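The file final-v4.txt contains compact mmCIF, N, CA and C atoms:
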# COMPACT_ATOMS: atom_id res chain seq x y z
N MET A 70 -3.42 -3.74 0.85
CA MET A 70 -3.12 -2.40 0.39
C MET A 70 -3.19 -1.39 1.53
N ILE A 71 -4.15 -1.52 2.40
CA ILE A 71 -4.32 -0.55 3.48
C ILE A 71 -3.16 -0.58 4.48
N PRO A 72 -2.71 -1.78 5.00
CA PRO A 72 -1.60 -1.75 5.96
C PRO A 72 -0.33 -1.13 5.39
N GLY A 73 -0.01 -1.39 4.14
CA GLY A 73 1.17 -0.78 3.53
C GLY A 73 1.02 0.73 3.42
N TYR A 74 -0.19 1.16 3.11
CA TYR A 74 -0.48 2.58 3.02
C TYR A 74 -0.25 3.25 4.37
N ILE A 75 -0.68 2.61 5.43
CA ILE A 75 -0.51 3.16 6.78
C ILE A 75 0.98 3.28 7.11
N TYR A 76 1.74 2.25 6.78
CA TYR A 76 3.17 2.26 7.07
C TYR A 76 3.87 3.37 6.29
N VAL A 77 3.56 3.49 5.02
CA VAL A 77 4.20 4.52 4.19
C VAL A 77 3.86 5.90 4.70
N ARG A 78 2.60 6.13 5.07
CA ARG A 78 2.21 7.44 5.60
C ARG A 78 2.96 7.75 6.89
N SER A 79 3.12 6.77 7.76
CA SER A 79 3.82 7.00 9.02
C SER A 79 5.30 7.30 8.77
N VAL A 80 5.92 6.57 7.86
CA VAL A 80 7.33 6.80 7.56
C VAL A 80 7.53 8.18 6.95
N ILE A 81 6.65 8.58 6.06
CA ILE A 81 6.75 9.91 5.45
C ILE A 81 6.62 10.99 6.52
N ASP A 82 5.65 10.83 7.41
CA ASP A 82 5.48 11.82 8.47
C ASP A 82 6.71 11.92 9.35
N VAL A 83 7.26 10.77 9.74
CA VAL A 83 8.43 10.78 10.62
C VAL A 83 9.65 11.35 9.89
N CYS A 84 9.84 10.98 8.63
CA CYS A 84 11.02 11.43 7.89
C CYS A 84 10.94 12.91 7.50
N LEU A 85 9.75 13.41 7.27
CA LEU A 85 9.62 14.80 6.86
C LEU A 85 9.46 15.76 8.03
N VAL A 86 8.88 15.29 9.12
CA VAL A 86 8.59 16.19 10.24
C VAL A 86 9.72 16.21 11.26
N ASN A 87 10.28 15.06 11.60
CA ASN A 87 11.31 15.00 12.63
C ASN A 87 12.57 15.80 12.30
N PRO A 88 13.08 15.82 11.07
CA PRO A 88 14.28 16.62 10.80
C PRO A 88 14.09 18.11 11.08
N PHE A 89 12.88 18.61 10.93
CA PHE A 89 12.65 20.03 11.20
C PHE A 89 12.78 20.35 12.68
N ALA A 90 12.48 19.39 13.54
CA ALA A 90 12.58 19.62 14.97
C ALA A 90 14.03 19.83 15.40
N THR A 91 14.98 19.17 14.73
CA THR A 91 16.39 19.32 15.10
C THR A 91 17.02 20.56 14.48
N CYS A 92 16.37 21.17 13.51
CA CYS A 92 16.90 22.39 12.88
C CYS A 92 16.80 23.60 13.81
N PHE A 93 15.90 23.56 14.73
CA PHE A 93 15.70 24.71 15.61
C PHE A 93 16.64 24.60 16.81
N ARG A 94 17.27 25.73 17.16
CA ARG A 94 18.26 25.70 18.23
C ARG A 94 17.66 26.09 19.59
N GLN A 95 16.67 26.96 19.62
CA GLN A 95 16.09 27.37 20.89
C GLN A 95 15.21 26.24 21.45
N PRO A 96 15.31 25.99 22.76
CA PRO A 96 14.52 24.91 23.36
C PRO A 96 13.01 25.10 23.18
N ASP A 97 12.53 26.35 23.29
CA ASP A 97 11.09 26.58 23.14
C ASP A 97 10.63 26.27 21.72
N THR A 98 11.41 26.69 20.75
CA THR A 98 11.06 26.44 19.35
C THR A 98 11.14 24.94 19.04
N ARG A 99 12.16 24.30 19.59
CA ARG A 99 12.31 22.86 19.39
C ARG A 99 11.13 22.10 19.99
N ARG A 100 10.71 22.50 21.20
CA ARG A 100 9.57 21.86 21.85
C ARG A 100 8.30 22.07 21.04
N LEU A 101 8.12 23.28 20.52
CA LEU A 101 6.95 23.57 19.70
C LEU A 101 6.95 22.72 18.44
N ALA A 102 8.10 22.61 17.78
CA ALA A 102 8.19 21.79 16.57
C ALA A 102 7.92 20.32 16.88
N ARG A 103 8.44 19.84 18.00
CA ARG A 103 8.21 18.45 18.39
C ARG A 103 6.73 18.21 18.67
N ASN A 104 6.08 19.14 19.37
CA ASN A 104 4.65 19.02 19.65
C ASN A 104 3.82 19.03 18.37
N ILE A 105 4.22 19.89 17.43
CA ILE A 105 3.51 19.92 16.15
C ILE A 105 3.68 18.59 15.41
N ALA A 106 4.91 18.06 15.43
CA ALA A 106 5.17 16.78 14.77
C ALA A 106 4.35 15.66 15.39
N VAL A 107 4.30 15.62 16.71
CA VAL A 107 3.52 14.58 17.39
C VAL A 107 2.03 14.75 17.08
N ALA A 108 1.56 15.99 17.08
CA ALA A 108 0.16 16.24 16.77
C ALA A 108 -0.18 15.82 15.35
N LEU A 109 0.70 16.11 14.39
CA LEU A 109 0.46 15.70 13.01
C LEU A 109 0.46 14.18 12.87
N LEU A 110 1.37 13.53 13.57
CA LEU A 110 1.42 12.08 13.52
C LEU A 110 0.16 11.46 14.13
N LEU A 111 -0.27 11.97 15.27
CA LEU A 111 -1.50 11.47 15.88
C LEU A 111 -2.72 11.75 15.01
N LEU A 112 -2.76 12.90 14.38
CA LEU A 112 -3.85 13.23 13.48
C LEU A 112 -3.87 12.26 12.29
N ASP A 113 -2.70 11.97 11.75
CA ASP A 113 -2.62 11.03 10.64
C ASP A 113 -3.08 9.64 11.06
N VAL A 114 -2.70 9.21 12.26
CA VAL A 114 -3.13 7.91 12.77
C VAL A 114 -4.64 7.88 12.91
N ALA A 115 -5.22 8.95 13.47
CA ALA A 115 -6.67 9.00 13.65
C ALA A 115 -7.41 8.99 12.31
N ILE A 116 -6.91 9.74 11.34
CA ILE A 116 -7.57 9.78 10.03
C ILE A 116 -7.45 8.42 9.33
N THR A 117 -6.29 7.81 9.41
CA THR A 117 -6.09 6.50 8.78
C THR A 117 -6.97 5.45 9.44
N ARG A 118 -7.05 5.49 10.77
CA ARG A 118 -7.90 4.53 11.49
C ARG A 118 -9.35 4.70 11.09
N ALA A 119 -9.81 5.94 11.01
CA ALA A 119 -11.20 6.19 10.60
C ALA A 119 -11.45 5.69 9.18
N ALA A 120 -10.50 5.92 8.29
CA ALA A 120 -10.66 5.47 6.90
C ALA A 120 -10.74 3.94 6.83
N VAL A 121 -9.91 3.26 7.60
CA VAL A 121 -9.92 1.80 7.60
C VAL A 121 -11.24 1.29 8.19
N LEU A 122 -11.68 1.87 9.28
CA LEU A 122 -12.93 1.43 9.90
C LEU A 122 -14.12 1.66 8.98
N ILE A 123 -14.14 2.78 8.31
CA ILE A 123 -15.25 3.07 7.40
C ILE A 123 -15.22 2.12 6.20
N SER A 124 -14.03 1.86 5.67
CA SER A 124 -13.95 1.00 4.49
C SER A 124 -14.28 -0.46 4.81
N LEU A 125 -14.00 -0.91 6.02
CA LEU A 125 -14.24 -2.31 6.37
C LEU A 125 -15.54 -2.54 7.14
N SER A 126 -16.23 -1.48 7.51
CA SER A 126 -17.40 -1.67 8.37
C SER A 126 -18.55 -2.37 7.67
N GLY A 127 -18.79 -2.08 6.42
CA GLY A 127 -19.92 -2.68 5.74
C GLY A 127 -19.60 -3.91 4.93
N ARG A 128 -18.35 -4.09 4.62
CA ARG A 128 -17.96 -5.23 3.79
C ARG A 128 -17.27 -6.28 4.63
N ASN A 129 -17.27 -7.48 4.10
CA ASN A 129 -16.54 -8.59 4.69
C ASN A 129 -16.99 -8.89 6.12
N THR A 130 -18.27 -8.69 6.40
CA THR A 130 -18.80 -9.04 7.71
C THR A 130 -20.12 -9.78 7.54
N TYR A 131 -20.45 -10.58 8.51
CA TYR A 131 -21.70 -11.33 8.53
C TYR A 131 -22.30 -11.11 9.91
N VAL A 132 -23.48 -10.54 9.96
CA VAL A 132 -24.14 -10.28 11.24
C VAL A 132 -24.98 -11.50 11.59
N LEU A 133 -24.69 -12.07 12.73
CA LEU A 133 -25.36 -13.27 13.19
C LEU A 133 -26.33 -12.88 14.31
N ASN A 134 -27.62 -12.88 14.00
CA ASN A 134 -28.65 -12.51 14.98
C ASN A 134 -29.26 -13.78 15.57
N THR A 135 -29.23 -13.88 16.90
CA THR A 135 -29.83 -15.02 17.59
C THR A 135 -30.74 -14.51 18.69
N ASP A 136 -31.44 -15.44 19.33
CA ASP A 136 -32.31 -15.07 20.45
C ASP A 136 -31.52 -14.54 21.63
N ARG A 137 -30.27 -14.94 21.76
CA ARG A 137 -29.47 -14.56 22.92
C ARG A 137 -28.46 -13.47 22.66
N GLY A 138 -28.40 -12.95 21.44
CA GLY A 138 -27.46 -11.88 21.17
C GLY A 138 -27.09 -11.79 19.70
N THR A 139 -26.23 -10.84 19.41
CA THR A 139 -25.78 -10.60 18.04
C THR A 139 -24.26 -10.67 18.02
N MET A 140 -23.74 -11.27 16.95
CA MET A 140 -22.31 -11.40 16.79
C MET A 140 -21.95 -11.03 15.35
N VAL A 141 -20.85 -10.34 15.17
CA VAL A 141 -20.36 -10.00 13.84
C VAL A 141 -19.12 -10.85 13.58
N ALA A 142 -19.12 -11.52 12.43
CA ALA A 142 -18.01 -12.41 12.09
C ALA A 142 -17.67 -12.25 10.62
N ILE A 143 -16.60 -12.91 10.22
CA ILE A 143 -16.28 -12.94 8.80
C ILE A 143 -17.33 -13.81 8.11
N PRO A 144 -17.61 -13.58 6.83
CA PRO A 144 -18.72 -14.27 6.17
C PRO A 144 -18.69 -15.80 6.25
N ASP A 145 -17.54 -16.42 6.00
CA ASP A 145 -17.49 -17.88 6.03
C ASP A 145 -17.82 -18.44 7.40
N LEU A 146 -17.23 -17.87 8.42
CA LEU A 146 -17.47 -18.33 9.79
C LEU A 146 -18.90 -18.03 10.22
N GLY A 147 -19.39 -16.83 9.89
CA GLY A 147 -20.75 -16.46 10.28
C GLY A 147 -21.80 -17.35 9.66
N LYS A 148 -21.66 -17.67 8.39
CA LYS A 148 -22.62 -18.56 7.72
C LYS A 148 -22.58 -19.96 8.31
N ALA A 149 -21.38 -20.45 8.61
CA ALA A 149 -21.24 -21.79 9.20
C ALA A 149 -21.89 -21.84 10.59
N ILE A 150 -21.66 -20.82 11.39
CA ILE A 150 -22.27 -20.78 12.72
C ILE A 150 -23.78 -20.67 12.61
N ASP A 151 -24.26 -19.86 11.68
CA ASP A 151 -25.71 -19.71 11.48
C ASP A 151 -26.35 -21.04 11.07
N GLU A 152 -25.71 -21.77 10.18
CA GLU A 152 -26.22 -23.08 9.77
C GLU A 152 -26.18 -24.07 10.92
N ALA A 153 -25.12 -24.03 11.71
CA ALA A 153 -25.02 -24.94 12.86
C ALA A 153 -26.09 -24.64 13.89
N ILE A 154 -26.37 -23.37 14.12
CA ILE A 154 -27.43 -22.99 15.07
C ILE A 154 -28.78 -23.49 14.57
N GLY A 155 -29.04 -23.32 13.28
CA GLY A 155 -30.29 -23.82 12.71
C GLY A 155 -30.42 -25.33 12.84
N PHE A 156 -29.32 -26.05 12.60
CA PHE A 156 -29.33 -27.51 12.72
C PHE A 156 -29.59 -27.94 14.16
N ILE A 157 -28.91 -27.31 15.11
CA ILE A 157 -29.09 -27.67 16.52
C ILE A 157 -30.52 -27.40 16.97
N LYS A 158 -31.09 -26.27 16.57
CA LYS A 158 -32.47 -25.96 16.95
C LYS A 158 -33.46 -26.93 16.31
N LEU A 159 -33.17 -27.39 15.10
CA LEU A 159 -34.06 -28.30 14.39
C LEU A 159 -34.00 -29.71 14.96
N GLU A 160 -32.81 -30.17 15.32
CA GLU A 160 -32.61 -31.56 15.72
C GLU A 160 -32.67 -31.83 17.22
N THR A 161 -32.64 -30.80 18.04
CA THR A 161 -32.67 -31.02 19.50
C THR A 161 -33.81 -30.23 20.13
N ALA A 162 -34.22 -30.69 21.29
CA ALA A 162 -35.27 -30.00 22.04
C ALA A 162 -34.62 -28.92 22.90
N PRO A 163 -35.37 -27.86 23.22
CA PRO A 163 -34.81 -26.82 24.10
C PRO A 163 -34.38 -27.42 25.44
N GLY A 164 -33.20 -27.06 25.88
CA GLY A 164 -32.67 -27.55 27.15
C GLY A 164 -31.95 -28.88 27.04
N GLU A 165 -31.99 -29.52 25.88
CA GLU A 165 -31.30 -30.79 25.70
C GLU A 165 -29.80 -30.55 25.56
N PRO A 166 -28.96 -31.31 26.29
CA PRO A 166 -27.52 -31.09 26.20
C PRO A 166 -26.98 -31.40 24.80
N VAL A 167 -26.06 -30.57 24.35
CA VAL A 167 -25.42 -30.74 23.05
C VAL A 167 -23.91 -30.60 23.24
N ALA A 168 -23.18 -31.65 22.84
CA ALA A 168 -21.72 -31.60 22.91
C ALA A 168 -21.20 -31.17 21.54
N VAL A 169 -20.58 -30.02 21.48
CA VAL A 169 -20.02 -29.51 20.23
C VAL A 169 -18.51 -29.56 20.38
N MET A 170 -17.87 -30.36 19.53
CA MET A 170 -16.43 -30.56 19.65
C MET A 170 -15.71 -29.93 18.48
N PRO A 171 -14.56 -29.41 18.55
CA PRO A 171 -13.94 -28.89 19.76
C PRO A 171 -14.35 -27.44 19.99
N GLU A 172 -14.44 -27.06 21.19
CA GLU A 172 -14.71 -25.69 21.63
C GLU A 172 -15.89 -25.04 20.91
N GLY A 173 -17.07 -25.60 21.05
CA GLY A 173 -18.26 -25.02 20.44
C GLY A 173 -19.14 -24.33 21.45
N THR A 174 -18.52 -23.71 22.43
CA THR A 174 -19.28 -23.09 23.51
C THR A 174 -20.21 -22.00 23.00
N SER A 175 -19.80 -21.27 21.97
CA SER A 175 -20.67 -20.21 21.46
C SER A 175 -21.95 -20.80 20.89
N LEU A 176 -21.89 -21.97 20.28
CA LEU A 176 -23.10 -22.61 19.77
C LEU A 176 -24.01 -23.02 20.92
N ASN A 177 -23.43 -23.52 22.01
CA ASN A 177 -24.24 -23.84 23.18
C ASN A 177 -24.91 -22.60 23.74
N PHE A 178 -24.19 -21.50 23.76
CA PHE A 178 -24.75 -20.26 24.29
C PHE A 178 -25.85 -19.72 23.38
N PHE A 179 -25.58 -19.62 22.08
CA PHE A 179 -26.56 -19.03 21.17
C PHE A 179 -27.82 -19.87 21.04
N THR A 180 -27.73 -21.19 21.20
CA THR A 180 -28.91 -22.04 21.09
C THR A 180 -29.55 -22.33 22.45
N ASP A 181 -28.94 -21.84 23.52
CA ASP A 181 -29.42 -22.04 24.89
C ASP A 181 -29.51 -23.53 25.23
N ARG A 182 -28.47 -24.26 24.84
CA ARG A 182 -28.37 -25.68 25.15
C ARG A 182 -27.16 -25.89 26.05
N PRO A 183 -27.31 -26.70 27.11
CA PRO A 183 -26.17 -26.93 28.01
C PRO A 183 -25.14 -27.86 27.37
N ASN A 184 -23.93 -27.77 27.86
CA ASN A 184 -22.84 -28.64 27.42
C ASN A 184 -22.77 -29.80 28.41
N PRO A 185 -22.90 -31.06 27.94
CA PRO A 185 -22.88 -32.19 28.87
C PRO A 185 -21.48 -32.51 29.40
N LEU A 186 -20.47 -31.93 28.81
CA LEU A 186 -19.11 -32.22 29.22
C LEU A 186 -18.67 -31.26 30.32
N ARG A 187 -17.86 -31.77 31.23
CA ARG A 187 -17.39 -30.94 32.32
C ARG A 187 -16.38 -29.91 31.86
N GLU A 188 -15.51 -30.28 30.98
CA GLU A 188 -14.46 -29.40 30.50
C GLU A 188 -14.80 -28.93 29.10
N GLU A 189 -14.45 -27.68 28.80
CA GLU A 189 -14.74 -27.15 27.47
C GLU A 189 -13.85 -27.78 26.41
N SER A 190 -12.57 -27.87 26.68
CA SER A 190 -11.62 -28.41 25.70
C SER A 190 -11.37 -29.86 25.99
N GLN A 191 -11.57 -30.71 24.99
CA GLN A 191 -11.37 -32.14 25.16
C GLN A 191 -10.19 -32.65 24.35
N ARG A 192 -9.20 -31.81 24.14
CA ARG A 192 -8.03 -32.22 23.38
C ARG A 192 -7.15 -33.14 24.24
N ARG A 193 -6.59 -34.10 23.58
CA ARG A 193 -5.77 -35.07 24.27
C ARG A 193 -4.34 -34.57 24.42
N ALA A 194 -3.80 -34.68 25.59
CA ALA A 194 -2.41 -34.25 25.82
C ALA A 194 -1.48 -35.33 25.30
N ILE A 195 -0.40 -34.89 24.71
CA ILE A 195 0.59 -35.85 24.16
C ILE A 195 1.80 -35.87 25.05
What would the structure in this file look like if it were written as structure tokens?
Amino acid sequence: MIPGYIYVRSVIDVCLVNPFATCFRQPDTRRLARNIAVALLLLDVAITRAAVLISLSGRNTYVLNTDRGTMVAIPDLGKAIDEAIGFIKLETAPGEPVAVMPEGTSLNFFTDRPNPLREESQRRAI
């Protein structure tokens, strides 16, 4: 709903404001109208951005607090990473190498466990 709302607001601003800029014949008046149109468009973008950030800031996020930092993720991913961190800390000793496949470098970082593999990505080339 929000992205469509942003698009409709932008189209309305452009369709309603831009025709007025061409109605003026004097260059100074035309420049003033164009500046007003750009200012209104930028103001609308700023207000819409603020509204989206405020509406999404508290919902649909999972804050992952670890000893080495904090990460904000979507709930499904955040819970999975949190459970994986708990499992790694429970089953391995501090400093013990842990290979997390594929691309589990963030788990190695958050649990302070080294990666025993030389390369991060171990995908096979075809």
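Interatomic distance, atom C of Asn184 (chain A) against atom C of Glu165 (chain A): 7.6 Å.
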>> I'd like the contact shell of region 150-153 of chain A - 8 Å cut-off, only N, CA and C atoms, skipping same-chain residues fewer than 5 positions apart - returned as a PyMOL selection string.
In response: chain A and resi 133-134+144-145+158-159+176
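What separates CA of Gly164 (chain A) from atom N of Pro183 (chain A) is a distance of 5.4 Å.
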What are the centre and edge lengths in Å, to one decimal, of the axis-aligned box around all listed atoms of region 141-152 of chain A with 8 Å added on each side, as JSON?
{"center_x": -21.3, "center_y": -17.0, "center_z": 10.6, "size_x": 26.1, "size_y": 30.1, "size_z": 25.2}
> Counting only N, CA and C atoms, what is within 6.5 Å of region 116-132 of chain A, bar same-chain residues fewer than 4 positions away, as a PyMOL selection string?
Replying inline: chain A and resi 111-112+140-144+147-148
